[in-house]
Amino acid sequence: MEIFKDILNFTVVDIIDVILVAVLLYYLYRLVKGTVAINIFIGIIIIYGAWRLTDFLNMELLTGIFGGFMKVGIIALIVVFQPEIRKFLLMVGSTNIGRRGKLFKQLNFLKSEASNETDVDAIISACNKMAQTKTGALIVFERNNNLDFLSESGDEMNIKVTQPIIESIFFKNSPLHDGAIVINNNTVKATRVILPVNNEKNIPKRFGLRHRAGIGVSEKTDAIALVVSEETGHISCFKDGEFVVYDDLNELKNLIKRELV
């Protein structure tokens, strides 16, 4: 009966508390989705649920064991989830907050009505042309997370995005073609950028370092990466550490435009 009384005594603050916890868990799930850490995350949820259940049933021995694991396990979690924690802190503390709006927008709770100015059509057209000639390319779209810490590894630029510009950068004899380019608001911010490479996720052998770099940058930040394969000419899109090879360029355009809003 006491449980029902507690439920009936729910206040507005309690409801807000539950909603915020649910939102926090949702974003934690998004951060670890598609990585090995998702299994660890689910395991932690199960152990926490078992801990609360044994506590409710007054099973003191099991409660002590699970409680001790939860307390000591915090240090282990920091080590295991280091990439995900780093990505979360980047999302919260990005220096783009002052430039792009409030914290709620930074966390993607709200979407801005203003569209991103990036000329996605020109970029996809350039990728399509490079795919036909099997010219390798790696393009990173900056979103909420500021990518200056990556851009500093390359050459700083301030070039308006056009199809000829993208094609000329990745032209095989161009001194700028090696590495990635970072694009934000229709401007090429940097070229020859060195990206973090993922060595853990299994990908088809026909995919090389560009694809692993696309996985790496999309895992560690909220950026979207496009890769044109030099071996196959296929165009791949990377988001949250996952990638899809696209044959339908219109579908790819619509995806990127939605994500850049």
# chains A, B, ... in the order shown; residues from 1 in each chain; ligands from 1
>>> residues_around(residues="segment 49-56 of chain A", least_positions_apart="5", cutoff="10 Å", atoms="only C-alpha atoms", output="list in words")
Gly43, Ile44, Leu61, Leu62, Thr63, Gly64, Ile65, Phe66, Gly67, Gly68, Phe69 and Met70 of chain A
>>> residues_around(residues="Ala225 of chain A", least_positions_apart="2", cutoff="8 Å", atoms="only C-alpha atoms", output="PDB file with N, CA and C atoms, in the first residue's frame")
ATOM      1  N   LEU A 138      37.522  12.416 -48.568  1.00  0.00           N
ATOM      2  CA  LEU A 138      37.022  12.315 -47.195  1.00  0.00           C
ATOM      3  C   LEU A 138      36.561  13.701 -46.765  1.00  0.00           C
ATOM      4  N   ILE A 139      35.241  13.840 -46.595  1.00  0.00           N
ATOM      5  CA  ILE A 139      34.625  15.133 -46.286  1.00  0.00           C
ATOM      6  C   ILE A 139      33.915  15.036 -44.936  1.00  0.00           C
ATOM      7  N   VAL A 140      34.197  15.983 -44.042  1.00  0.00           N
ATOM      8  CA  VAL A 140      33.596  15.989 -42.710  1.00  0.00           C
ATOM      9  C   VAL A 140      32.731  17.235 -42.555  1.00  0.00           C
ATOM     10  N   PHE A 141      31.479  17.020 -42.167  1.00  0.00           N
ATOM     11  CA  PHE A 141      30.554  18.130 -41.918  1.00  0.00           C
ATOM     12  C   PHE A 141      30.533  18.431 -40.423  1.00  0.00           C
ATOM     13  N   GLY A 214      36.495   7.838 -41.098  1.00  0.00           N
ATOM     14  CA  GLY A 214      35.097   8.273 -41.042  1.00  0.00           C
ATOM     15  C   GLY A 214      34.384   7.720 -39.825  1.00  0.00           C
ATOM     16  N   VAL A 217      35.906   9.664 -36.545  1.00  0.00           N
ATOM     17  CA  VAL A 217      35.450  11.036 -36.282  1.00  0.00           C
ATOM     18  C   VAL A 217      33.969  11.074 -35.939  1.00  0.00           C
ATOM     19  N   SER A 218      33.174  10.175 -36.511  1.00  0.00           N
ATOM     20  CA  SER A 218      31.735  10.173 -36.214  1.00  0.00           C
ATOM     21  C   SER A 218      31.437   9.519 -34.867  1.00  0.00           C
ATOM     22  N   ALA A 223      29.925  14.810 -35.768  1.00  0.00           N
ATOM     23  CA  ALA A 223      30.110  15.138 -37.186  1.00  0.00           C
ATOM     24  C   ALA A 223      29.589  14.027 -38.089  1.00  0.00           C
ATOM     25  N   VAL A 227      32.692   9.572 -47.510  1.00  0.00           N
ATOM     26  CA  VAL A 227      33.909   8.972 -48.063  1.00  0.00           C
ATOM     27  C   VAL A 227      33.623   8.476 -49.475  1.00  0.00           C
ATOM     28  N   CYS A 237      28.428   7.128 -46.132  1.00  0.00           N
ATOM     29  CA  CYS A 237      28.112   8.181 -45.170  1.00  0.00           C
ATOM     30  C   CYS A 237      28.258   7.613 -43.765  1.00  0.00           C
ATOM     31  N   PHE A 238      28.918   8.354 -42.885  1.00  0.00           N
ATOM     32  CA  PHE A 238      29.199   7.906 -41.526  1.00  0.00           C
ATOM     33  C   PHE A 238      28.517   8.828 -40.517  1.00  0.00           C
ATOM     34  N   LYS A 239      27.820   8.217 -39.568  1.00  0.00           N
ATOM     35  CA  LYS A 239      27.162   8.970 -38.493  1.00  0.00           C
ATOM     36  C   LYS A 239      27.100   8.082 -37.256  1.00  0.00           C
TER      37      LYS A 239
END
>>> closest_residue(among="A:Cys127, A:Val120, A:Ala180, A:Ile194", to="Leu150 of chain A", atoms="only C-alpha atoms")
A:Ile194
>>> residues_around(residues="Thr191 of chain A", least_positions_apart="5", cutoff="8 Å", atoms="only C-alpha atoms", output="ChimeraX atom specification")
/A:151,154-157,176-177,179-182
>>> residues_around(residues="Glu117 of chain A", least_positions_apart="3", cutoff="9 Å", atoms="only C-alpha atoms", output="JSON, numbers by chain")
{"A": [114, 120, 184, 185, 186, 260, 261]}
>>> write_last_selection(atoms="N, CA and C atoms", output="PDB file, in the first residue's frame")
ATOM      1  N   ALA A 114      16.204  27.562 -38.627  1.00  0.00           N
ATOM      2  CA  ALA A 114      17.047  28.041 -39.709  1.00  0.00           C
ATOM      3  C   ALA A 114      17.844  26.885 -40.291  1.00  0.00           C
ATOM      4  N   VAL A 120      24.776  21.324 -50.019  1.00  0.00           N
ATOM      5  CA  VAL A 120      24.898  19.869 -50.036  1.00  0.00           C
ATOM      6  C   VAL A 120      24.829  19.335 -51.463  1.00  0.00           C
ATOM      7  N   ASN A 184      31.949  23.715 -42.744  1.00  0.00           N
ATOM      8  CA  ASN A 184      30.968  24.278 -41.826  1.00  0.00           C
ATOM      9  C   ASN A 184      30.325  25.500 -42.464  1.00  0.00           C
ATOM     10  N   ASN A 185      28.984  25.501 -42.514  1.00  0.00           N
ATOM     11  CA  ASN A 185      28.239  26.635 -43.071  1.00  0.00           C
ATOM     12  C   ASN A 185      28.761  27.058 -44.440  1.00  0.00           C
ATOM     13  N   ASN A 186      28.850  26.080 -45.328  1.00  0.00           N
ATOM     14  CA  ASN A 186      29.229  26.302 -46.721  1.00  0.00           C
ATOM     15  C   ASN A 186      30.649  26.836 -46.899  1.00  0.00           C
ATOM     16  N   LEU A 260      21.951  18.410 -40.984  1.00  0.00           N
ATOM     17  CA  LEU A 260      22.617  19.698 -40.855  1.00  0.00           C
ATOM     18  C   LEU A 260      21.683  20.827 -40.461  1.00  0.00           C
ATOM     19  N   VAL A 261      20.391  20.525 -40.311  1.00  0.00           N
ATOM     20  CA  VAL A 261      19.422  21.571 -39.924  1.00  0.00           C
ATOM     21  C   VAL A 261      19.769  22.076 -38.534  1.00  0.00           C
TER      22      VAL A 261
END
>>> closest_residue(among="A:Ile45, A:Val245, A:Val23, A:Val228", to="Lys129 of chain A", atoms="only C-alpha atoms")
A:Val228
>>> closest_residue(among="A:Ala22, A:Val13, A:Glu167, A:Ser125", to="Leu252 of chain A", atoms="only C-alpha atoms")
A:Ser125
>>> closest_residue(among="A:Ile47, A:Val244, A:Leu147, A:Leu28", to="Lys189 of chain A", atoms="only C-alpha atoms")
A:Leu147
>>> select_by_dssp(residues="segment 186-251 of chain A", states="strand (DSSP E)", output="PyMOL selection string")
chain A and resi 187-193+224-228+235-239+242-246
>>> write_last_selection(atoms="C-alpha atoms", output="JSON list (two decimals), in the first residue's frame")
[["chain", "number", "residue", "atom", "x", "y", "z"],
["A", 187, "THR", "CA", 32.89, 27.00, -46.00],
["A", 188, "VAL", "CA", 35.88, 24.68, -46.26],
["A", 189, "LYS", "CA", 37.50, 25.36, -42.88],
["A", 190, "ALA", "CA", 40.54, 23.14, -43.32],
["A", 191, "THR", "CA", 42.17, 20.67, -45.67],
["A", 192, "ARG", "CA", 44.68, 17.82, -45.13],
["A", 193, "VAL", "CA", 43.10, 17.20, -41.72],
["A", 224, "ILE", "CA", 28.94, 13.45, -40.37],
["A", 225, "ALA", "CA", 31.58, 12.12, -42.75],
["A", 226, "LEU", "CA", 31.39, 11.31, -46.47],
["A", 227, "VAL", "CA", 33.91, 8.97, -48.06],
["A", 228, "VAL", "CA", 34.47, 8.28, -51.75],
["A", 235, "ILE", "CA", 30.09, 6.76, -51.61],
["A", 236, "SER", "CA", 29.68, 6.05, -47.88],
["A", 237, "CYS", "CA", 28.11, 8.18, -45.17],
["A", 238, "PHE", "CA", 29.20, 7.91, -41.53],
["A", 239, "LYS", "CA", 27.16, 8.97, -38.49],
["A", 242, "GLU", "CA", 27.90, 3.59, -38.32],
["A", 243, "PHE", "CA", 28.14, 3.79, -42.08],
["A", 244, "VAL", "CA", 25.99, 3.07, -45.11],
["A", 245, "VAL", "CA", 27.08, 2.79, -48.75],
["A", 246, "TYR", "CA", 24.69, 4.86, -50.87]]
>>> residues_around(residues="Asp222 of chain A", least_positions_apart="3", cutoff="7 Å", atoms="only C-alpha atoms", output="list of chain:residue names")
A:Arg143, A:Asn144, A:Asn145, A:Ser218, A:Asp240
>>> write_last_selection(atoms="C-alpha atoms", output="mmCIF file, in the first residue's frame")
data_model
loop_
_atom_site.group_PDB
_atom_site.id
_atom_site.type_symbol
_atom_site.label_atom_id
_atom_site.label_comp_id
_atom_site.auth_asym_id
_atom_site.auth_seq_id
_atom_site.Cartn_x
_atom_site.Cartn_y
_atom_site.Cartn_z
ATOM 1 C CA ARG A 143 27.658 20.145 -36.672
ATOM 2 C CA ASN A 144 27.334 21.085 -32.990
ATOM 3 C CA ASN A 145 30.741 19.907 -31.808
ATOM 4 C CA SER A 218 31.735 10.173 -36.214
ATOM 5 C CA ASP A 240 27.516 7.876 -34.849
#
